[in-house]
Amino acid sequence: MSGSAADLGALRVYTTADGSFSLHSDHFGEAFHNSAGALNEARAKFVQPAELQRFRNGHALKILDVCLGLGYNTAAVLEALPTAEPVVQWWGLELDRRPLEQALDQTSFHSLWPAPVLAKLEAIRDQGGWQENNSRGIQLWGDARSMLEEIPEGVRFDLILLDAFSPQRCPELWSEEFLGALARRLEPQGRLLTYSRSAAVRASLKRAGLRLFSLLPAPGEGAGWSSGTLATPPDSACPQDGPGWRPLSAMEWEHLQTRAAVPFRDPHGNATADAILERRRDEQEHCGYEPTNAWQRRWRGDRPS
C-alpha cells in the first residue's frame with residue numbers, strides 16, 4: 001500500500017463467524033478477513049497448504065509476510081511449526097501499525113495463541129522484530145513495494161504469505177511487477193500463498209514462471225469456483241493435489257483468457273491505485289480478449305462471479 005497510515009482511514013472492530021476478532025478498513029471498504037472466520041482463513045489458506053512438516057529436519061524456514069495486518073497469518077504459521085522447531089528467518093511488510101496494535105489490545109486475540117507466539121508479535125510491535133537463538137524476525141514498516149527492496153537481494157523464501165486488500169482496492173500490491181519480484185524471491189521448493197483467485201493475479205504469476213494451484217475453501221466459507229491460489233516455481237516437487245489445494249479447473253484456466261486477466265501494471269513501483277486501475281481499464285478496452293461476462297455466462301449462467 002502506498003501513502004501513510006493516516007491515509008488508511010478508520011479501522012472498525014468486528015467479530016467473524018468463527019468468533020475471532022478482525023477489522024474493517026473504511027479507506028479500502030473491505031474487511032481484513034473472510035467473514036467465515038479470521039482464524040479459519042489463516043489456518044486453511046496459509047498454514048495447511050504450506051505443509052510445515054517439510055521443515056522438520058533442521059531446514060531454516062524463511063518466511064515473508066506481505067501485509068502483516070493483525071498478525072493472524074504469521075501467528076498461525078509460528079503456532080503450527082513442527083515439534084522439532086526449525087530455525088525461522090521471518091520478514092514482514094506492512095504500512096499501518098494500527099492493526100497489529102489493536103489486535104494485541106484484544107483479550108480474545110491473546111487467547112488464541114501460545115505465549116511464545118504472542119511474545120514474537122509483541123516484539124514486532126515494540127521493537128520491529130525479534131532475535132531468539134538462531135531465529136529472528138524483521139518487520140519493515142512502509143510501502144511494501146519499496147520495503148521489499150530493503151531485504152537483501154540474496155534472501156529467498158520458502159513461504160510468501162500474500163494477504164493485501166483485494167486487487168481492485170489495492171492494485172499496487174498485485175501488479176505484474178510486484179508479483180514478479182515476489183516470484184523471483186521464492187526458493188526452488190518455495191510456495192506463494194494468497195486468498196486471491198483474481199485472473200489478473202494468476203496470469204501475472206504464470207508469466208513469472210510459476211505453477212498455479214487452486215486453494216480449497218476454509219471451514220465455514222461458502223463453496224465457490226475457487227478460494228485462493230498456491231503458486232510454486234516450475235521445478236517444485238509440489239504435487240497436483242494436496243492438503244488444502246487442487247489443480248485449477250477448466251473454468252479457472254479459461255478465466256485466464258478473459259479480460260479479467262489483463263494485469264495491473266506499475267512499471268516504476270510508485271504509481272497510485274487510481275493510475276494503475278485507469279491504465280488497466282484502457283488496456284482491457286483494447287486487448288481483444290473474451291469479455292469476462294461471456295465466460296461467466298458459459299460456465300455459470302447469469303449468476304455473478
# chains A, B, ... in the order shown; residues from 1 in each chain; ligands from 1
call {"tool": "select_by_dssp", "arguments": {"residues": "stretch 170-281 of chain A", "states": "strand (DSSP E)", "output": "PyMOL selection string"}}
result
chain A and resi 186-194+211-215+229-232+245-247
call {"tool": "write_last_selection", "arguments": {"atoms": "C-alpha atoms", "output": "tab-separated table (two decimals), in the first residue's frame"}}
result
chain	number	residue	atom	x	y	z
A	186	LEU	CA	10.98	-17.91	-3.97
A	187	GLU	CA	13.25	-20.83	-3.15
A	188	PRO	CA	13.08	-23.68	-5.72
A	189	GLN	CA	10.68	-25.54	-3.39
A	190	GLY	CA	9.04	-22.35	-2.15
A	191	ARG	CA	5.32	-21.60	-2.11
A	192	LEU	CA	3.44	-18.35	-2.54
A	193	LEU	CA	0.02	-18.44	-0.89
A	194	THR	CA	-2.82	-15.96	-1.27
A	211	ARG	CA	2.87	-23.20	-11.47
A	212	LEU	CA	-0.67	-22.48	-10.30
A	213	PHE	CA	-2.96	-24.42	-7.96
A	214	SER	CA	-6.37	-23.61	-6.51
A	215	LEU	CA	-6.92	-23.41	-2.75
A	229	THR	CA	-4.08	-19.54	-5.12
A	230	LEU	CA	-0.95	-21.55	-4.42
A	231	ALA	CA	1.97	-20.79	-6.77
A	232	THR	CA	5.32	-22.59	-6.93
A	245	TRP	CA	-5.30	-27.38	-2.72
A	246	ARG	CA	-6.17	-28.92	-6.08
A	247	PRO	CA	-5.34	-28.29	-9.75
call {"tool": "residues_around", "arguments": {"residues": "stretch 130-143 of chain A", "least_positions_apart": "3", "cutoff": "6 Å", "atoms": "only C-alpha atoms", "output": "ChimeraX atom specification"}}
result
/A:1-2,87-95,123,146
call {"tool": "residues_around", "arguments": {"residues": "A:Ser20", "least_positions_apart": "5", "cutoff": "12 Å", "atoms": "only C-alpha atoms", "output": "ChimeraX atom specification"}}
result
/A:13-15,32-42,70,72,103,106-113
call {"tool": "residues_around", "arguments": {"residues": "stretch 266-269 of chain A", "least_positions_apart": "3", "cutoff": "12 Å", "atoms": "only C-alpha atoms", "output": "VMD selection string"}}
result
chain A and resid 1 to 2 143 to 149 171 to 181 263 272 to 280
call {"tool": "write_last_selection", "arguments": {"atoms": "N, CA and C atoms", "output": "compact mmCIF listing (two decimals), in the first residue's frame"}}
result
# COMPACT_ATOMS: atom_id res chain seq x y z
N MET A 1 0.84 -1.19 0.00
CA MET A 1 0.00 0.00 0.00
C MET A 1 0.88 1.24 0.00
N SER A 2 0.44 2.25 -0.68
CA SER A 2 1.17 3.49 -0.68
C SER A 2 0.51 4.46 0.27
N ASP A 143 5.62 1.31 2.58
CA ASP A 143 5.07 0.80 1.33
C ASP A 143 5.79 -0.50 0.98
N ALA A 144 5.03 -1.57 0.84
CA ALA A 144 5.64 -2.90 0.62
C ALA A 144 6.47 -2.94 -0.65
N ARG A 145 6.13 -2.13 -1.65
CA ARG A 145 6.87 -2.13 -2.91
C ARG A 145 8.32 -1.70 -2.69
N SER A 146 8.51 -0.66 -1.93
CA SER A 146 9.88 -0.20 -1.66
C SER A 146 10.52 -0.99 -0.53
N MET A 147 9.73 -1.44 0.44
CA MET A 147 10.30 -2.20 1.55
C MET A 147 10.84 -3.56 1.09
N LEU A 148 10.23 -4.15 0.07
CA LEU A 148 10.74 -5.42 -0.44
C LEU A 148 12.18 -5.26 -0.91
N GLU A 149 12.49 -4.11 -1.46
CA GLU A 149 13.85 -3.87 -1.95
C GLU A 149 14.85 -3.71 -0.82
N PRO A 171 -4.42 -2.21 -5.91
CA PRO A 171 -3.72 -2.81 -7.06
C PRO A 171 -2.20 -2.68 -6.98
N GLU A 172 -1.70 -1.77 -6.16
CA GLU A 172 -0.25 -1.59 -6.04
C GLU A 172 0.46 -2.88 -5.67
N LEU A 173 -0.20 -3.72 -4.86
CA LEU A 173 0.46 -4.94 -4.37
C LEU A 173 0.02 -6.17 -5.14
N TRP A 174 -0.61 -5.97 -6.30
CA TRP A 174 -0.98 -7.09 -7.17
C TRP A 174 -0.51 -6.84 -8.60
N SER A 175 0.41 -5.93 -8.77
CA SER A 175 0.85 -5.58 -10.11
C SER A 175 1.74 -6.68 -10.70
N GLU A 176 1.83 -6.66 -12.01
CA GLU A 176 2.73 -7.57 -12.72
C GLU A 176 4.15 -7.48 -12.16
N GLU A 177 4.58 -6.27 -11.88
CA GLU A 177 5.95 -6.04 -11.45
C GLU A 177 6.17 -6.51 -10.01
N PHE A 178 5.23 -6.21 -9.13
CA PHE A 178 5.41 -6.62 -7.73
C PHE A 178 5.31 -8.14 -7.61
N LEU A 179 4.35 -8.74 -8.30
CA LEU A 179 4.22 -10.20 -8.24
C LEU A 179 5.44 -10.88 -8.85
N GLY A 180 5.98 -10.29 -9.92
CA GLY A 180 7.20 -10.84 -10.50
C GLY A 180 8.36 -10.76 -9.52
N ALA A 181 8.45 -9.66 -8.79
CA ALA A 181 9.52 -9.52 -7.79
C ALA A 181 9.36 -10.57 -6.68
N PRO A 263 -3.29 -7.60 -16.72
CA PRO A 263 -2.61 -7.35 -15.45
C PRO A 263 -2.75 -5.92 -14.96
N THR A 272 0.01 5.40 -8.23
CA THR A 272 -1.13 5.39 -7.32
C THR A 272 -2.12 4.31 -7.76
N ALA A 273 -2.99 3.94 -6.86
CA ALA A 273 -4.02 2.96 -7.20
C ALA A 273 -4.86 3.43 -8.37
N ASP A 274 -5.25 4.71 -8.36
CA ASP A 274 -6.10 5.23 -9.44
C ASP A 274 -5.40 5.14 -10.79
N ALA A 275 -4.11 5.45 -10.81
CA ALA A 275 -3.36 5.40 -12.07
C ALA A 275 -3.25 3.97 -12.58
N ILE A 276 -3.02 3.03 -11.68
CA ILE A 276 -2.90 1.62 -12.08
C ILE A 276 -4.23 1.12 -12.63
N LEU A 277 -5.32 1.45 -11.96
CA LEU A 277 -6.64 1.00 -12.40
C LEU A 277 -7.03 1.62 -13.73
N GLU A 278 -6.73 2.91 -13.91
CA GLU A 278 -7.07 3.57 -15.16
C GLU A 278 -6.28 2.95 -16.32
N ARG A 279 -5.02 2.68 -16.10
CA ARG A 279 -4.20 2.06 -17.14
C ARG A 279 -4.75 0.68 -17.52
N ARG A 280 -5.18 -0.07 -16.51
CA ARG A 280 -5.72 -1.41 -16.79
C ARG A 280 -7.03 -1.32 -17.56
call {"tool": "atom_distance", "arguments": {"atom1": "atom CA of A:Asp96", "atom2": "atom CA of A:Gly69"}}
result
7.6 Å
call {"tool": "closest_residue", "arguments": {"among": "A:Leu161, A:Thr74, A:Arg281, A:Gln168", "to": "A:Lys120", "atoms": "only C-alpha atoms"}}
result
A:Thr74
call {"tool": "decode", "arguments": {"residues": "stretch 21-127 of chain A", "atoms": "C-alpha atoms", "output": "mmCIF file, in the first residue's frame"}}
result
data_model
loop_
_atom_site.group_PDB
_atom_site.id
_atom_site.type_symbol
_atom_site.label_atom_id
_atom_site.label_comp_id
_atom_site.auth_asym_id
_atom_site.auth_seq_id
_atom_site.Cartn_x
_atom_site.Cartn_y
_atom_site.Cartn_z
ATOM 1 C CA PHE A 21 -11.669 -10.734 16.060
ATOM 2 C CA SER A 22 -10.958 -8.737 12.902
ATOM 3 C CA LEU A 23 -11.086 -5.214 11.500
ATOM 4 C CA HIS A 24 -12.780 -3.393 8.627
ATOM 5 C CA SER A 25 -10.909 -0.620 6.785
ATOM 6 C CA ASP A 26 -13.050 2.367 5.865
ATOM 7 C CA HIS A 27 -10.408 3.528 3.380
ATOM 8 C CA PHE A 28 -10.443 0.287 1.399
ATOM 9 C CA GLY A 29 -14.083 -0.508 2.072
ATOM 10 C CA GLU A 30 -13.099 -4.055 2.967
ATOM 11 C CA ALA A 31 -12.588 -6.311 5.933
ATOM 12 C CA PHE A 32 -9.176 -7.766 6.709
ATOM 13 C CA HIS A 33 -10.596 -11.305 6.682
ATOM 14 C CA ASN A 34 -13.256 -13.520 5.204
ATOM 15 C CA SER A 35 -16.390 -13.234 7.327
ATOM 16 C CA ALA A 36 -16.346 -17.036 7.731
ATOM 17 C CA GLY A 37 -13.502 -16.585 10.184
ATOM 18 C CA ALA A 38 -10.162 -14.812 10.503
ATOM 19 C CA LEU A 39 -8.546 -17.747 12.283
ATOM 20 C CA ASN A 40 -10.098 -20.329 9.942
ATOM 21 C CA GLU A 41 -8.836 -18.406 6.924
ATOM 22 C CA ALA A 42 -5.275 -18.140 8.257
ATOM 23 C CA ARG A 43 -5.088 -21.841 9.010
ATOM 24 C CA ALA A 44 -6.776 -23.062 5.813
ATOM 25 C CA LYS A 45 -5.167 -20.751 3.262
ATOM 26 C CA PHE A 46 -1.745 -20.087 4.719
ATOM 27 C CA VAL A 47 -0.845 -22.884 7.150
ATOM 28 C CA GLN A 48 -2.341 -26.071 5.741
ATOM 29 C CA PRO A 49 -1.036 -25.683 2.157
ATOM 30 C CA ALA A 50 2.372 -24.625 3.485
ATOM 31 C CA GLU A 51 2.934 -28.221 4.673
ATOM 32 C CA LEU A 52 5.176 -27.133 7.522
ATOM 33 C CA GLN A 53 6.173 -30.718 8.245
ATOM 34 C CA ARG A 54 8.548 -30.289 5.312
ATOM 35 C CA PHE A 55 10.783 -28.346 7.685
ATOM 36 C CA ARG A 56 11.246 -30.948 10.419
ATOM 37 C CA ASN A 57 14.842 -31.764 9.604
ATOM 38 C CA GLY A 58 16.691 -28.650 10.657
ATOM 39 C CA HIS A 59 15.984 -26.735 7.450
ATOM 40 C CA ALA A 60 15.902 -22.987 8.042
ATOM 41 C CA LEU A 61 12.357 -21.833 7.301
ATOM 42 C CA LYS A 62 12.382 -18.441 5.577
ATOM 43 C CA ILE A 63 9.020 -16.620 5.596
ATOM 44 C CA LEU A 64 7.862 -13.362 4.013
ATOM 45 C CA ASP A 65 4.534 -11.981 5.264
ATOM 46 C CA VAL A 66 3.290 -9.366 2.784
ATOM 47 C CA CYS A 67 0.770 -7.226 4.667
ATOM 48 C CA LEU A 68 1.187 -8.414 8.241
ATOM 49 C CA GLY A 69 -2.106 -6.761 9.221
ATOM 50 C CA LEU A 70 -3.378 -8.130 12.522
ATOM 51 C CA GLY A 71 -0.713 -10.839 12.540
ATOM 52 C CA TYR A 72 -3.006 -13.847 12.074
ATOM 53 C CA ASN A 73 -1.080 -15.499 9.248
ATOM 54 C CA THR A 74 2.325 -15.228 10.880
ATOM 55 C CA ALA A 75 0.934 -16.268 14.254
ATOM 56 C CA ALA A 76 -0.835 -19.292 12.763
ATOM 57 C CA VAL A 77 2.340 -20.408 10.969
ATOM 58 C CA LEU A 78 4.502 -19.973 14.067
ATOM 59 C CA GLU A 79 1.955 -21.857 16.171
ATOM 60 C CA ALA A 80 1.911 -24.766 13.693
ATOM 61 C CA LEU A 81 5.680 -25.238 13.357
ATOM 62 C CA PRO A 82 6.823 -28.861 13.662
ATOM 63 C CA THR A 83 7.712 -30.167 17.115
ATOM 64 C CA ALA A 84 11.384 -30.177 16.162
ATOM 65 C CA GLU A 85 11.204 -26.452 15.575
ATOM 66 C CA PRO A 86 13.174 -25.269 12.565
ATOM 67 C CA VAL A 87 15.285 -22.146 12.560
ATOM 68 C CA VAL A 88 12.961 -19.328 11.427
ATOM 69 C CA GLN A 89 14.048 -16.324 9.394
ATOM 70 C CA TRP A 90 10.970 -14.089 9.112
ATOM 71 C CA TRP A 91 10.384 -10.802 7.330
ATOM 72 C CA GLY A 92 7.189 -8.762 7.467
ATOM 73 C CA LEU A 93 5.964 -5.927 5.248
ATOM 74 C CA GLU A 94 3.205 -3.593 6.417
ATOM 75 C CA LEU A 95 2.304 0.075 6.071
ATOM 76 C CA ASP A 96 -0.009 0.573 9.038
ATOM 77 C CA ARG A 97 0.999 -0.301 12.609
ATOM 78 C CA ARG A 98 -2.536 0.030 13.957
ATOM 79 C CA PRO A 99 -4.000 -3.392 13.023
ATOM 80 C CA LEU A 100 -1.345 -5.304 14.976
ATOM 81 C CA GLU A 101 -1.569 -2.831 17.848
ATOM 82 C CA GLN A 102 -5.345 -3.197 18.002
ATOM 83 C CA ALA A 103 -5.151 -6.988 17.787
ATOM 84 C CA LEU A 104 -2.727 -7.125 20.696
ATOM 85 C CA ASP A 105 -5.095 -4.928 22.721
ATOM 86 C CA GLN A 106 -7.838 -7.556 22.396
ATOM 87 C CA THR A 107 -8.136 -10.217 25.095
ATOM 88 C CA SER A 108 -9.874 -12.522 22.628
ATOM 89 C CA PHE A 109 -6.874 -12.307 20.287
ATOM 90 C CA HIS A 110 -4.445 -13.099 23.116
ATOM 91 C CA SER A 111 -6.438 -16.193 23.992
ATOM 92 C CA LEU A 112 -5.829 -17.705 20.542
ATOM 93 C CA TRP A 113 -2.056 -18.043 20.745
ATOM 94 C CA PRO A 114 0.560 -19.665 22.973
ATOM 95 C CA ALA A 115 2.870 -17.357 24.924
ATOM 96 C CA PRO A 116 5.926 -17.739 22.615
ATOM 97 C CA VAL A 117 3.866 -16.669 19.586
ATOM 98 C CA LEU A 118 2.393 -13.673 21.408
ATOM 99 C CA ALA A 119 5.875 -12.673 22.542
ATOM 100 C CA LYS A 120 7.034 -12.520 18.920
ATOM 101 C CA LEU A 121 4.018 -10.445 17.851
ATOM 102 C CA GLU A 122 4.635 -8.066 20.735
ATOM 103 C CA ALA A 123 8.305 -7.815 19.757
ATOM 104 C CA ILE A 124 7.280 -6.946 16.197
ATOM 105 C CA ARG A 125 5.027 -4.207 17.583
ATOM 106 C CA ASP A 126 7.501 -2.834 20.103
ATOM 107 C CA GLN A 127 10.923 -3.470 18.574
#
